[in-house]
Amino acid sequence: MKLTHTLLLASLLGMVACAGKKPSAETVGEGSLKQAIGDRFLIGTALNTRQSSGRDTAAVRVVKQHFNAIVAENCMKSESLHPEEGRYTFDDADALVRFGEENGMTVTGHCLIWHSQLPKWFAVDQEGKPVTAEVLKARMKEHISTVVGRYKGRIKGWDVVNEAIVEDGSYRKSPFYDILGEEFIPLAFQYAHEADPDAELYYNDYGMDNPGRRDGVVRLVKQLKDRGLRIDAVGMQGHVGMDYPDIKAFETSMMAFVDAGVKVMITELDMSALPTLTRSANVTDRAAFRREMNPYPETLPDSVSQRWNARMREFFDLFVKHSDVVTRVTAWGVSDGDSWKNNFPMPGRHDYPLLFDRQYQPKPFVKEIIEKGL
Ligand code: GLA
């Protein structure tokens, strides 16, 4: 009798404890985005250093439950890894790779050669003048061999060159292009391959729906292949908005890259829910302009949220439709509060671009995918 009472009390206490538990994205058994996507493609996220070091425990729980691939938001860029000639700072990058390994996640390296977030010394001499072609080649080779070599066998693939083609399909005027001409790209791919012959190699860029850039990237892929260099995939950055790009044009580019002989990765996915800022904006009243450009400082209205979710779902449906050639989809951050979009292209905005909200809850379209499948 006594035992029955004790058991009854214990089960009542258990029920109370369960009822008091807040539903959350991290509850085990609730399913997850990676389970719902299955083996169609990897589902990844960029991590900042608070996350890859484990300090941001709320984000880490979401990452472990929902994602199976990671990439460094910043700590593997040359500016972070190689601040002075001959001096590397690997601690954050090491921690990120370890985080991936400990959690069975695929790690992508981002990025080896990029004109931005490039340390000041990289392409100039001590007087600040551009270095010769020979010096720049040697620096690129040393940087790439050191970085790729350090993580040999641990990083599945590298964004070898980032953002080198502009909208008319020509090459971006960057220190690399100015000093080495078009040749800097094949050289970067060659150095990366020599440093880790098993690593996959990618070219990554934004605004890939643009026909001029599409054609330029196709030409580049073919050129690399014709020269017998390894390129596995094109990374199509997914920094999109509510009014751009046209999804059909994005799909046309996906297929053009596939036809050129590579796979496609959707990298850096985030969709701003805020008005698109155009350069031509005529700003006479700055305060009014700021309010207009930051219209949802507290919460996103339902009507906007519904449009946002429907459009993100359309993108996901496109990726699923082409899952035979899409190998990875990576969000550029874990939750809305982390996103660079809150400060770009204008500081101090409150944006809603990611798959999880500021409370780490999945957005409605993510919840729907988890609950009903794709
Ligand atoms: C580009 C880069 C990313 C990141 C974003 C902005 O897309 O490839 O690494 O810097 O800009 O955060």
# chains A, B, ... in the order shown; residues from 1 in each chain; ligands from 1
call {"tool": "residues_around", "arguments": {"residues": "Gly333 (chain A)", "least_positions_apart": "4", "cutoff": "9 Å", "atoms": "only C-alpha atoms", "output": "PyMOL selection string"}}
result
chain A and resi 45-48+73+268-270+337-340+354-355
call {"tool": "residues_near_ligand", "arguments": {"ligand": "ligand 1", "cutoff": "8 Å", "atoms": "only C-alpha atoms and all ligand atoms", "output": "ChimeraX atom specification"}}
result
/A:73-74,77,110-111,117,162-163,204-206,237,239,268,332,340-341
call {"tool": "residues_around", "arguments": {"residues": "region 300-317 of chain A", "least_positions_apart": "3", "cutoff": "10 Å", "atoms": "only C-alpha atoms", "output": "ChimeraX atom specification"}}
result
/A:238,240-243,247,250-251,269-274,295-297,320-323,329,350-355,363-366,368-369,374
call {"tool": "write_last_selection", "arguments": {"atoms": "N, CA, C and O atoms", "output": "compact mmCIF listing (two decimals), in the first residue's frame"}}
result
# COMPACT_ATOMS: atom_id res chain seq x y z
N GLY A 238 23.53 32.85 -50.33
CA GLY A 238 22.08 33.06 -50.30
C GLY A 238 21.69 34.27 -49.47
O GLY A 238 20.76 34.18 -48.67
N VAL A 240 19.64 36.85 -49.45
CA VAL A 240 18.51 37.24 -50.29
C VAL A 240 17.58 38.16 -49.53
O VAL A 240 17.74 38.39 -48.33
N GLY A 241 16.61 38.70 -50.23
CA GLY A 241 15.63 39.59 -49.61
C GLY A 241 14.23 39.18 -50.00
O GLY A 241 14.03 38.20 -50.73
N MET A 242 13.26 39.96 -49.56
CA MET A 242 11.87 39.64 -49.89
C MET A 242 11.58 39.94 -51.35
O MET A 242 10.63 39.41 -51.91
N ASP A 243 12.38 40.82 -51.96
CA ASP A 243 12.09 41.19 -53.35
C ASP A 243 13.23 40.84 -54.31
O ASP A 243 13.25 41.29 -55.44
N ILE A 247 13.39 33.82 -58.07
CA ILE A 247 13.77 32.43 -57.78
C ILE A 247 14.07 31.65 -59.06
O ILE A 247 14.95 30.80 -59.11
N PHE A 250 17.54 32.38 -60.10
CA PHE A 250 18.46 31.67 -59.21
C PHE A 250 18.59 30.21 -59.66
O PHE A 250 19.68 29.65 -59.74
N GLU A 251 17.43 29.62 -60.01
CA GLU A 251 17.42 28.23 -60.47
C GLU A 251 18.18 28.09 -61.79
O GLU A 251 18.94 27.13 -61.99
N LEU A 269 23.05 31.43 -46.36
CA LEU A 269 21.62 31.71 -46.55
C LEU A 269 21.07 32.57 -45.41
O LEU A 269 21.17 32.23 -44.23
N ASP A 270 20.51 33.70 -45.78
CA ASP A 270 19.71 34.52 -44.86
C ASP A 270 18.81 35.39 -45.71
O ASP A 270 19.17 35.77 -46.81
N MET A 271 17.60 35.65 -45.22
CA MET A 271 16.69 36.50 -46.00
C MET A 271 16.22 37.67 -45.16
O MET A 271 15.48 37.49 -44.19
N SER A 272 16.70 38.85 -45.52
CA SER A 272 16.29 40.05 -44.79
C SER A 272 14.78 40.23 -44.91
O SER A 272 14.21 40.05 -45.99
N ALA A 273 14.15 40.57 -43.78
CA ALA A 273 12.71 40.85 -43.81
C ALA A 273 12.46 42.35 -43.93
O ALA A 273 11.32 42.80 -43.90
N LEU A 274 13.54 43.11 -44.05
CA LEU A 274 13.43 44.57 -44.04
C LEU A 274 13.47 45.13 -45.46
O LEU A 274 13.91 44.45 -46.38
N PRO A 295 11.59 49.16 -39.87
CA PRO A 295 10.18 49.31 -39.52
C PRO A 295 9.68 48.36 -38.41
O PRO A 295 8.59 48.57 -37.90
N TYR A 296 10.45 47.34 -38.06
CA TYR A 296 9.95 46.37 -37.07
C TYR A 296 10.92 46.22 -35.91
O TYR A 296 11.49 45.14 -35.70
N PRO A 297 11.14 47.30 -35.13
CA PRO A 297 12.17 47.24 -34.08
C PRO A 297 11.80 46.31 -32.93
O PRO A 297 12.68 45.93 -32.16
N VAL A 320 15.32 21.23 -52.57
CA VAL A 320 14.92 19.82 -52.50
C VAL A 320 14.70 19.26 -53.91
O VAL A 320 15.13 18.16 -54.24
N LYS A 321 14.06 20.08 -54.75
CA LYS A 321 13.81 19.65 -56.14
C LYS A 321 15.14 19.26 -56.82
O LYS A 321 15.18 18.34 -57.62
N HIS A 322 16.21 19.98 -56.46
CA HIS A 322 17.51 19.71 -57.09
C HIS A 322 18.49 19.03 -56.13
O HIS A 322 19.70 19.22 -56.24
N SER A 323 17.94 18.24 -55.22
CA SER A 323 18.84 17.68 -54.20
C SER A 323 19.84 16.67 -54.78
O SER A 323 20.78 16.28 -54.11
N VAL A 329 23.25 23.10 -47.82
CA VAL A 329 22.58 24.39 -47.65
C VAL A 329 23.03 24.91 -46.29
O VAL A 329 22.84 24.23 -45.28
N HIS A 350 16.81 46.00 -36.88
CA HIS A 350 16.36 44.80 -36.20
C HIS A 350 15.81 43.90 -37.31
O HIS A 350 14.71 44.10 -37.79
N ASP A 351 16.62 42.92 -37.71
CA ASP A 351 16.22 42.09 -38.86
C ASP A 351 15.83 40.68 -38.39
O ASP A 351 16.07 40.31 -37.22
N TYR A 352 15.26 39.92 -39.30
CA TYR A 352 14.71 38.59 -38.96
C TYR A 352 15.09 37.59 -40.06
O TYR A 352 14.23 36.95 -40.65
N PRO A 353 16.38 37.43 -40.34
CA PRO A 353 16.76 36.73 -41.57
C PRO A 353 17.01 35.22 -41.47
O PRO A 353 17.17 34.57 -42.49
N LEU A 354 17.06 34.67 -40.24
CA LEU A 354 17.58 33.29 -40.12
C LEU A 354 16.49 32.25 -39.85
O LEU A 354 15.31 32.56 -39.81
N LEU A 355 16.92 31.02 -39.66
CA LEU A 355 15.96 29.91 -39.51
C LEU A 355 15.40 29.80 -38.10
O LEU A 355 14.36 29.18 -37.88
N LYS A 363 11.60 28.98 -36.99
CA LYS A 363 10.60 29.78 -37.69
C LYS A 363 9.49 28.84 -38.17
O LYS A 363 9.74 27.63 -38.38
N PRO A 364 8.28 29.38 -38.40
CA PRO A 364 7.16 28.50 -38.78
C PRO A 364 7.47 27.55 -39.93
O PRO A 364 7.09 26.37 -39.89
N PHE A 365 8.18 28.00 -40.96
CA PHE A 365 8.41 27.08 -42.09
C PHE A 365 9.36 25.96 -41.69
O PHE A 365 9.26 24.83 -42.17
N VAL A 366 10.26 26.26 -40.75
CA VAL A 366 11.20 25.23 -40.28
C VAL A 366 10.41 24.20 -39.44
O VAL A 366 10.57 22.98 -39.60
N GLU A 368 7.33 23.50 -39.70
CA GLU A 368 6.50 22.71 -40.61
C GLU A 368 7.33 21.60 -41.27
O GLU A 368 6.88 20.45 -41.37
N ILE A 369 8.55 21.93 -41.67
CA ILE A 369 9.40 20.91 -42.29
C ILE A 369 9.70 19.81 -41.28
O ILE A 369 9.67 18.62 -41.59
N LEU A 374 9.53 17.03 -45.74
CA LEU A 374 9.66 17.88 -46.93
C LEU A 374 8.82 17.37 -48.07
O LEU A 374 8.61 16.19 -48.20
call {"tool": "closest_residue", "arguments": {"among": "A:Met346, A:Leu318, A:Met255, A:Ala164", "to": "Leu277 (chain A)", "atoms": "only C-alpha atoms"}}
result
A:Met346
call {"tool": "closest_residue", "arguments": {"among": "A:Val283, A:Val217, A:Leu136, A:Ile37", "to": "Ser170 (chain A)", "atoms": "only C-alpha atoms"}}
result
A:Val217
call {"tool": "select_by_dssp", "arguments": {"residues": "region 68-291 of chain A", "states": "helix (DSSP H, G or I)", "output": "PyMOL selection string"}}
result
chain A and resi 78-81+91-102+133-150+175-195+211-226+247-259+286-291
call {"tool": "atom_distance", "arguments": {"atom1": "CA of Lys173 (chain A)", "atom2": "CA of Leu224 (chain A)"}}
result
19.8 Å
call {"tool": "atom_distance", "arguments": {"atom1": "CA of Phe184 (chain A)", "atom2": "CA of Arg154 (chain A)"}}
result
25.5 Å
call {"tool": "atom_distance", "arguments": {"atom1": "CA of Leu187 (chain A)", "atom2": "CA of Glu200 (chain A)"}}
result
15.6 Å
call {"tool": "select_by_dssp", "arguments": {"residues": "region 64-143 of chain A", "states": "strand (DSSP E or B)", "output": "list of chain:residue names"}}
result
A:Ala69, A:Ile70, A:Val71, A:Ala72, A:Glu84, A:Arg87, A:Thr106, A:Val107, A:Thr108, A:Gly109, A:His110, A:Cys111, A:Leu112, A:Ile113, A:Trp114, A:Val124, A:Pro130
call {"tool": "write_last_selection", "arguments": {"atoms": "C-alpha atoms", "output": "PDB file, in the first residue's frame"}}
result
ATOM      1  CA  ALA A  69      27.553  21.040 -41.045  1.00  0.00           C
ATOM      2  CA  ILE A  70      29.395  24.139 -39.858  1.00  0.00           C
ATOM      3  CA  VAL A  71      31.537  26.918 -41.254  1.00  0.00           C
ATOM      4  CA  ALA A  72      33.350  29.756 -39.503  1.00  0.00           C
ATOM      5  CA  GLU A  84      50.963  39.720 -39.803  1.00  0.00           C
ATOM      6  CA  ARG A  87      52.281  35.148 -37.587  1.00  0.00           C
ATOM      7  CA  THR A 106      31.035  18.345 -41.701  1.00  0.00           C
ATOM      8  CA  VAL A 107      33.374  21.330 -41.549  1.00  0.00           C
ATOM      9  CA  THR A 108      33.816  23.722 -44.480  1.00  0.00           C
ATOM     10  CA  GLY A 109      36.769  26.104 -44.639  1.00  0.00           C
ATOM     11  CA  HIS A 110      35.881  29.722 -45.442  1.00  0.00           C
ATOM     12  CA  CYS A 111      37.772  31.301 -47.120  1.00  0.00           C
ATOM     13  CA  LEU A 112      41.298  31.289 -48.542  1.00  0.00           C
ATOM     14  CA  ILE A 113      41.516  34.142 -51.056  1.00  0.00           C
ATOM     15  CA  TRP A 114      39.159  37.117 -50.760  1.00  0.00           C
ATOM     16  CA  VAL A 124      51.868  45.399 -50.206  1.00  0.00           C
ATOM     17  CA  PRO A 130      51.865  46.706 -54.316  1.00  0.00           C
TER      18      PRO A 130
END
call {"tool": "closest_residue", "arguments": {"among": "A:Met293, A:Leu180, A:Ala36, A:Val160", "to": "Met76 (chain A)", "atoms": "only C-alpha atoms"}}
result
A:Val160
call {"tool": "decode", "arguments": {"residues": "region 251-347 of chain A", "atoms": "C-alpha atoms", "output": "PDB file, in the first residue's frame"}}
result
ATOM      1  CA  GLU A 251      17.423  28.228 -60.466  1.00  0.00           C
ATOM      2  CA  THR A 252      18.716  29.017 -63.966  1.00  0.00           C
ATOM      3  CA  SER A 253      22.117  29.767 -62.423  1.00  0.00           C
ATOM      4  CA  MET A 254      22.054  26.558 -60.382  1.00  0.00           C
ATOM      5  CA  MET A 255      21.498  24.578 -63.557  1.00  0.00           C
ATOM      6  CA  ALA A 256      24.133  26.539 -65.497  1.00  0.00           C
ATOM      7  CA  PHE A 257      26.771  25.653 -62.904  1.00  0.00           C
ATOM      8  CA  VAL A 258      25.701  22.016 -62.910  1.00  0.00           C
ATOM      9  CA  ASP A 259      25.928  21.974 -66.711  1.00  0.00           C
ATOM     10  CA  ALA A 260      29.478  23.304 -66.400  1.00  0.00           C
ATOM     11  CA  GLY A 261      30.313  20.140 -64.464  1.00  0.00           C
ATOM     12  CA  VAL A 262      30.127  20.980 -60.751  1.00  0.00           C
ATOM     13  CA  LYS A 263      27.761  20.550 -57.823  1.00  0.00           C
ATOM     14  CA  VAL A 264      26.025  23.459 -56.165  1.00  0.00           C
ATOM     15  CA  MET A 265      26.056  24.569 -52.546  1.00  0.00           C
ATOM     16  CA  ILE A 266      23.738  27.186 -51.136  1.00  0.00           C
ATOM     17  CA  THR A 267      26.041  29.063 -48.814  1.00  0.00           C
ATOM     18  CA  GLU A 268      25.414  31.996 -46.483  1.00  0.00           C
ATOM     19  CA  LEU A 269      21.617  31.706 -46.547  1.00  0.00           C
ATOM     20  CA  ASP A 270      19.715  34.519 -44.858  1.00  0.00           C
ATOM     21  CA  MET A 271      16.695  36.497 -46.000  1.00  0.00           C
ATOM     22  CA  SER A 272      16.290  40.047 -44.789  1.00  0.00           C
ATOM     23  CA  ALA A 273      12.710  40.848 -43.809  1.00  0.00           C
ATOM     24  CA  LEU A 274      13.428  44.570 -44.041  1.00  0.00           C
ATOM     25  CA  PRO A 275      13.065  46.984 -46.941  1.00  0.00           C
ATOM     26  CA  THR A 276      15.892  46.686 -49.427  1.00  0.00           C
ATOM     27  CA  LEU A 277      18.224  49.643 -49.191  1.00  0.00           C
ATOM     28  CA  THR A 278      19.080  51.089 -52.557  1.00  0.00           C
ATOM     29  CA  ARG A 279      22.012  53.395 -53.194  1.00  0.00           C
ATOM     30  CA  SER A 280      19.813  55.838 -55.029  1.00  0.00           C
ATOM     31  CA  ALA A 281      17.691  56.574 -51.928  1.00  0.00           C
ATOM     32  CA  ASN A 282      17.182  60.317 -51.682  1.00  0.00           C
ATOM     33  CA  VAL A 283      17.633  61.058 -47.978  1.00  0.00           C
ATOM     34  CA  THR A 284      16.566  64.471 -46.806  1.00  0.00           C
ATOM     35  CA  ASP A 285      15.199  63.559 -43.344  1.00  0.00           C
ATOM     36  CA  ARG A 286      17.652  61.104 -41.773  1.00  0.00           C
ATOM     37  CA  ALA A 287      15.492  60.181 -38.763  1.00  0.00           C
ATOM     38  CA  ALA A 288      12.455  59.457 -40.924  1.00  0.00           C
ATOM     39  CA  PHE A 289      14.635  57.449 -43.300  1.00  0.00           C
ATOM     40  CA  ARG A 290      16.022  55.345 -40.430  1.00  0.00           C
ATOM     41  CA  ARG A 291      12.496  54.622 -39.179  1.00  0.00           C
ATOM     42  CA  GLU A 292      11.395  53.643 -42.662  1.00  0.00           C
ATOM     43  CA  MET A 293      14.394  51.342 -43.073  1.00  0.00           C
ATOM     44  CA  ASN A 294      13.938  49.764 -39.613  1.00  0.00           C
ATOM     45  CA  PRO A 295      10.177  49.308 -39.517  1.00  0.00           C
ATOM     46  CA  TYR A 296       9.949  46.374 -37.070  1.00  0.00           C
ATOM     47  CA  PRO A 297      12.166  47.235 -34.083  1.00  0.00           C
ATOM     48  CA  GLU A 298      10.118  45.050 -31.693  1.00  0.00           C
ATOM     49  CA  THR A 299       8.550  42.135 -33.551  1.00  0.00           C
ATOM     50  CA  LEU A 300       7.844  41.123 -37.099  1.00  0.00           C
ATOM     51  CA  PRO A 301       4.153  41.653 -38.016  1.00  0.00           C
ATOM     52  CA  ASP A 302       2.313  38.435 -38.872  1.00  0.00           C
ATOM     53  CA  SER A 303       1.633  39.498 -42.430  1.00  0.00           C
ATOM     54  CA  VAL A 304       5.352  40.031 -43.098  1.00  0.00           C
ATOM     55  CA  SER A 305       6.289  36.868 -41.240  1.00  0.00           C
ATOM     56  CA  GLN A 306       3.884  34.871 -43.409  1.00  0.00           C
ATOM     57  CA  ARG A 307       5.400  36.241 -46.605  1.00  0.00           C
ATOM     58  CA  TRP A 308       8.907  35.642 -45.278  1.00  0.00           C
ATOM     59  CA  ASN A 309       8.126  32.041 -44.345  1.00  0.00           C
ATOM     60  CA  ALA A 310       6.372  31.319 -47.632  1.00  0.00           C
ATOM     61  CA  ARG A 311       9.325  32.663 -49.630  1.00  0.00           C
ATOM     62  CA  MET A 312      11.902  30.771 -47.568  1.00  0.00           C
ATOM     63  CA  ARG A 313       9.836  27.637 -48.061  1.00  0.00           C
ATOM     64  CA  GLU A 314       9.902  28.252 -51.815  1.00  0.00           C
ATOM     65  CA  PHE A 315      13.696  28.410 -51.697  1.00  0.00           C
ATOM     66  CA  PHE A 316      13.843  25.178 -49.702  1.00  0.00           C
ATOM     67  CA  ASP A 317      11.478  23.492 -52.146  1.00  0.00           C
ATOM     68  CA  LEU A 318      13.836  24.528 -54.945  1.00  0.00           C
ATOM     69  CA  PHE A 319      16.837  23.053 -53.115  1.00  0.00           C
ATOM     70  CA  VAL A 320      14.921  19.820 -52.499  1.00  0.00           C
ATOM     71  CA  LYS A 321      13.814  19.651 -56.140  1.00  0.00           C
ATOM     72  CA  HIS A 322      17.507  19.707 -57.090  1.00  0.00           C
ATOM     73  CA  SER A 323      18.843  17.682 -54.200  1.00  0.00           C
ATOM     74  CA  ASP A 324      20.660  15.404 -56.661  1.00  0.00           C
ATOM     75  CA  VAL A 325      23.062  18.287 -57.342  1.00  0.00           C
ATOM     76  CA  VAL A 326      22.757  20.450 -54.208  1.00  0.00           C
ATOM     77  CA  THR A 327      25.178  19.039 -51.662  1.00  0.00           C
ATOM     78  CA  ARG A 328      24.810  21.546 -48.814  1.00  0.00           C
ATOM     79  CA  VAL A 329      22.583  24.395 -47.653  1.00  0.00           C
ATOM     80  CA  THR A 330      24.164  26.596 -45.004  1.00  0.00           C
ATOM     81  CA  ALA A 331      22.472  29.366 -43.025  1.00  0.00           C
ATOM     82  CA  TRP A 332      24.628  32.407 -42.274  1.00  0.00           C
ATOM     83  CA  GLY A 333      24.139  32.281 -38.513  1.00  0.00           C
ATOM     84  CA  VAL A 334      22.066  30.402 -35.968  1.00  0.00           C
ATOM     85  CA  SER A 335      19.419  32.813 -34.689  1.00  0.00           C
ATOM     86  CA  ASP A 336      18.175  36.250 -35.763  1.00  0.00           C
ATOM     87  CA  GLY A 337      20.026  37.996 -32.961  1.00  0.00           C
ATOM     88  CA  ASP A 338      23.375  36.758 -34.324  1.00  0.00           C
ATOM     89  CA  SER A 339      22.958  37.985 -37.857  1.00  0.00           C
ATOM     90  CA  TRP A 340      25.284  40.477 -39.567  1.00  0.00           C
ATOM     91  CA  LYS A 341      22.133  41.682 -41.304  1.00  0.00           C
ATOM     92  CA  ASN A 342      21.224  43.654 -38.162  1.00  0.00           C
ATOM     93  CA  ASN A 343      24.101  45.947 -39.097  1.00  0.00           C
ATOM     94  CA  PHE A 344      24.323  45.712 -42.854  1.00  0.00           C
ATOM     95  CA  PRO A 345      23.865  47.574 -45.120  1.00  0.00           C
ATOM     96  CA  MET A 346      22.837  49.955 -42.342  1.00  0.00           C
ATOM     97  CA  PRO A 347      23.773  49.718 -38.663  1.00  0.00           C
TER      98      PRO A 347
END
